[in-house]
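Reproduced below: entry-v6.cif, with mmCIF, C-alpha atoms.
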data_protein
loop_
_atom_site.label_atom_id
_atom_site.label_comp_id
_atom_site.auth_asym_id
_atom_site.auth_seq_id
_atom_site.Cartn_x
_atom_site.Cartn_y
_atom_site.Cartn_z
CA ILE G 139 110.52 99.54 92.79
CA GLY G 140 107.82 98.43 90.42
CA ALA G 141 106.32 94.97 90.31
CA ASN G 142 108.55 92.21 88.90
CA ASN G 143 111.47 94.57 88.15
CA PHE G 144 114.23 92.12 89.05
CA LYS G 145 112.18 88.91 88.74
CA GLU G 146 114.28 85.84 87.87
CA THR G 147 117.55 87.78 87.47
CA VAL G 148 120.99 86.70 88.69
CA ILE G 149 121.42 89.79 90.88
CA THR G 150 123.09 88.77 94.16
CA GLU G 151 123.29 92.01 96.12
CA ILE G 152 121.82 95.49 96.02
CA LYS G 153 121.78 98.68 98.06
CA LEU G 154 118.52 100.57 97.52
CA PRO G 155 118.61 104.38 97.50
CA ASN G 156 116.66 106.46 100.05
CA THR G 157 114.20 107.48 97.33
CA ILE G 158 112.66 103.99 97.42
CA THR G 159 109.57 103.80 99.66
CA SER G 160 108.02 100.60 98.32
CA ILE G 161 109.17 97.27 96.91
CA GLY G 162 106.56 96.08 94.44
CA ALA G 163 104.92 92.69 94.19
CA GLY G 164 107.25 90.04 92.82
CA SER G 165 110.18 92.46 92.50
CA PHE G 166 112.83 89.93 93.54
CA THR G 167 110.93 86.70 92.84
CA ASN G 168 113.19 83.73 92.14
CA THR G 169 116.37 85.79 92.13
CA ALA G 170 119.82 84.81 93.40
CA ILE G 171 119.75 87.75 95.86
CA LYS G 172 121.95 87.11 98.91
CA SER G 173 122.19 90.60 100.36
CA ILE G 174 119.90 93.61 100.26
CA GLU G 175 120.32 96.91 102.07
CA PHE G 176 116.96 98.57 102.59
CA PRO G 177 116.70 102.37 102.73
CA GLU G 178 115.41 104.00 105.92
CA ASN G 179 112.54 105.52 103.91
CA LEU G 180 111.13 102.10 102.96
CA GLU G 181 107.49 101.82 104.06
CA THR G 182 106.08 98.79 102.22
CA ILE G 183 107.22 95.40 101.00
CA GLU G 184 104.44 94.13 98.75
CA GLN G 185 103.16 90.58 98.33
CA MET G 186 105.57 87.97 97.01
CA ALA G 187 108.33 90.59 96.65
CA PHE G 188 111.00 88.04 97.57
CA PHE G 189 109.10 84.85 96.68
CA GLY G 190 111.56 82.00 96.12
CA ALA G 191 114.65 84.10 96.95
CA GLN G 192 116.32 81.08 98.53
CA GLN G 193 119.81 82.59 98.86
CA LEU G 194 118.62 85.41 101.14
CA THR G 195 119.69 84.61 104.71
CA ILE G 196 119.58 87.81 106.83
CA LEU G 197 117.29 90.85 106.78
CA HIS G 198 117.70 94.17 108.58
CA LEU G 199 114.34 95.95 108.29
CA PRO G 200 114.29 99.76 108.55
CA SER G 201 112.40 101.59 111.30
CA ASN G 202 110.02 103.36 108.89
CA LEU G 203 108.66 100.07 107.54
CA LYS G 204 104.89 99.96 108.05
CA SER G 205 103.74 96.99 106.00
CA VAL G 206 105.02 93.60 104.90
CA GLU G 207 102.30 92.11 102.74
CA HIS G 208 101.13 88.52 102.41
CA ALA G 209 103.76 85.98 101.34
CA ALA G 210 106.42 88.66 100.85
CA PHE G 211 109.14 86.13 101.74
CA MET G 212 107.33 82.90 100.89
CA GLY G 213 109.74 80.26 99.63
CA ALA G 214 112.79 82.18 100.91
CA PHE G 215 113.88 79.02 102.72
CA GLY G 216 117.41 80.27 103.39
CA LEU G 217 116.12 83.14 105.55
CA LYS G 218 117.43 82.53 109.07
CA GLU G 219 117.57 85.96 110.75
CA VAL G 220 115.30 89.03 110.64
CA TYR G 221 116.18 92.19 112.56
CA PHE G 222 113.61 94.88 113.32
CA ASN G 223 114.68 98.41 114.23
CA LYS G 224 113.09 100.56 116.92
CA GLY G 225 110.00 102.36 115.77
CA ILE G 226 108.72 99.70 113.40
CA GLU G 227 104.94 99.41 113.49
#
For the file at hand, write its structure as structure tokens.
Amino acid sequence: IGANNFKETVITEIKLPNTITSIGAGSFTNTAIKSIEFPENLETIEQMAFFGAQQLTILHLPSNLKSVEHAAFMGAFGLKEVYFNKGIE
């Protein structure tokens, strides 16, 4: 997903296809996202990807994830639970 693709939209949930390997910088900044299903092929969540996504409460990170960049979830104050799968680096 390219940088800022969903920035400041009213999207509340999304299931990303397995073709997605990276979530670009600012992709979900200041959105109303509550639920996101990451694909197993996801490798990178770039900086500030979910900046200000205050409705996001739970994350289930895939096992192929290698990098979560600086401030990826900064300002996501509703985030209460993060689950890591086996194999995550």
### Message
Quick one: residues within 12 Å of G:Leu194, only C-alpha atoms, excluding same-chain residues fewer than 3 positions away - as a ChimeraX atom specification?
### Response
/G:149-152,166-175,188-191,197-198,211-220
Please dump the current selection as a tab-separated table (two decimals), in the coordinates of the input; keep C-alpha atoms.
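The resulting file, out22.tsv, is reproduced below:
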chain	number	residue	atom	x	y	z
G	149	ILE	CA	121.42	89.79	90.88
G	150	THR	CA	123.09	88.77	94.16
G	151	GLU	CA	123.29	92.01	96.12
G	152	ILE	CA	121.82	95.49	96.02
G	166	PHE	CA	112.83	89.93	93.54
G	167	THR	CA	110.93	86.70	92.84
G	168	ASN	CA	113.19	83.73	92.14
G	169	THR	CA	116.37	85.79	92.13
G	170	ALA	CA	119.82	84.81	93.40
G	171	ILE	CA	119.75	87.75	95.86
G	172	LYS	CA	121.95	87.11	98.91
G	173	SER	CA	122.19	90.60	100.36
G	174	ILE	CA	119.90	93.61	100.26
G	175	GLU	CA	120.32	96.91	102.07
G	188	PHE	CA	111.00	88.04	97.57
G	189	PHE	CA	109.10	84.85	96.68
G	190	GLY	CA	111.56	82.00	96.12
G	191	ALA	CA	114.65	84.10	96.95
G	197	LEU	CA	117.29	90.85	106.78
G	198	HIS	CA	117.70	94.17	108.58
G	211	PHE	CA	109.14	86.13	101.74
G	212	MET	CA	107.33	82.90	100.89
G	213	GLY	CA	109.74	80.26	99.63
G	214	ALA	CA	112.79	82.18	100.91
G	215	PHE	CA	113.88	79.02	102.72
G	216	GLY	CA	117.41	80.27	103.39
G	217	LEU	CA	116.12	83.14	105.55
G	218	LYS	CA	117.43	82.53	109.07
G	219	GLU	CA	117.57	85.96	110.75
G	220	VAL	CA	115.30	89.03	110.64
### Message
For the PyMOL selection byres ((chain G and resi 205-209) around 12), applied here, can you spell out every residue it catches as a count of residues only?
### Response
32
### Message
Would you pick out the contacts of G:Leu154 at 7 Å or less, using all atoms listed in the file, so that residues sharing its chain but fewer than 3 positions from it are not included, and give the list as a ChimeraX atom specification?
### Response
/G:158,175-177
#### Entry: Residue among G:Gln192, G:Tyr221, G:Ser165, G:Asn179 lying closest to G:Ala141, counting all atoms listed in the file
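Of the candidates, the smallest distance to G:Ala141 is held by G:Ser165.
Distances from G:Ile139, G:Phe222, G:Thr195, G:Phe144 to G:Thr157 were compared using only C-alpha atoms, and the smallest one belongs to G:Ile139.
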Can you complete the atoms of stretch 204-216 of chain G to N, CA, C and O atoms and list them as an mmCIF file, in the coordinates of the input?
data_model
loop_
_atom_site.group_PDB
_atom_site.id
_atom_site.type_symbol
_atom_site.label_atom_id
_atom_site.label_comp_id
_atom_site.auth_asym_id
_atom_site.auth_seq_id
_atom_site.Cartn_x
_atom_site.Cartn_y
_atom_site.Cartn_z
ATOM 1 N N LYS G 204 106.241 100.029 107.491
ATOM 2 C CA LYS G 204 104.890 99.960 108.050
ATOM 3 C C LYS G 204 104.153 98.687 107.650
ATOM 4 O O LYS G 204 103.264 98.242 108.342
ATOM 5 N N SER G 205 104.513 98.107 106.508
ATOM 6 C CA SER G 205 103.740 96.990 106.000
ATOM 7 C C SER G 205 104.614 95.981 105.262
ATOM 8 O O SER G 205 105.392 96.354 104.390
ATOM 9 N N VAL G 206 104.447 94.717 105.645
ATOM 10 C CA VAL G 206 105.020 93.600 104.900
ATOM 11 C C VAL G 206 103.819 92.756 104.499
ATOM 12 O O VAL G 206 103.152 92.161 105.340
ATOM 13 N N GLU G 207 103.523 92.751 103.215
ATOM 14 C CA GLU G 207 102.300 92.110 102.740
ATOM 15 C C GLU G 207 102.422 90.582 102.673
ATOM 16 O O GLU G 207 103.509 90.011 102.780
ATOM 17 N N HIS G 208 101.288 89.972 102.465
ATOM 18 C CA HIS G 208 101.130 88.520 102.410
ATOM 19 C C HIS G 208 102.184 87.859 101.530
ATOM 20 O O HIS G 208 102.410 88.279 100.394
ATOM 21 N N ALA G 209 102.822 86.838 102.072
ATOM 22 C CA ALA G 209 103.760 85.980 101.340
ATOM 23 C C ALA G 209 104.955 86.729 100.767
ATOM 24 O O ALA G 209 105.570 86.275 99.805
ATOM 25 N N ALA G 210 105.309 87.856 101.350
ATOM 26 C CA ALA G 210 106.420 88.660 100.850
ATOM 27 C C ALA G 210 107.726 87.855 100.772
ATOM 28 O O ALA G 210 108.538 88.076 99.875
ATOM 29 N N PHE G 211 107.916 86.933 101.706
ATOM 30 C CA PHE G 211 109.140 86.130 101.740
ATOM 31 C C PHE G 211 108.858 84.634 101.623
ATOM 32 O O PHE G 211 109.687 83.813 101.983
ATOM 33 N N MET G 212 107.712 84.292 101.073
ATOM 34 C CA MET G 212 107.330 82.900 100.890
ATOM 35 C C MET G 212 108.353 82.184 99.990
ATOM 36 O O MET G 212 108.743 82.703 98.947
ATOM 37 N N GLY G 213 108.790 81.026 100.432
ATOM 38 C CA GLY G 213 109.740 80.260 99.630
ATOM 39 C C GLY G 213 111.184 80.722 99.779
ATOM 40 O O GLY G 213 112.075 80.182 99.130
ATOM 41 N N ALA G 214 111.428 81.722 100.626
ATOM 42 C CA ALA G 214 112.790 82.180 100.910
ATOM 43 C C ALA G 214 113.338 81.296 102.028
ATOM 44 O O ALA G 214 113.537 81.738 103.158
ATOM 45 N N PHE G 215 113.557 80.029 101.717
ATOM 46 C CA PHE G 215 113.880 79.020 102.720
ATOM 47 C C PHE G 215 115.230 79.226 103.397
ATOM 48 O O PHE G 215 115.471 78.679 104.461
ATOM 49 N N GLY G 216 116.112 80.008 102.793
ATOM 50 C CA GLY G 216 117.410 80.270 103.390
ATOM 51 C C GLY G 216 117.373 81.344 104.471
ATOM 52 O O GLY G 216 118.340 81.536 105.201
#
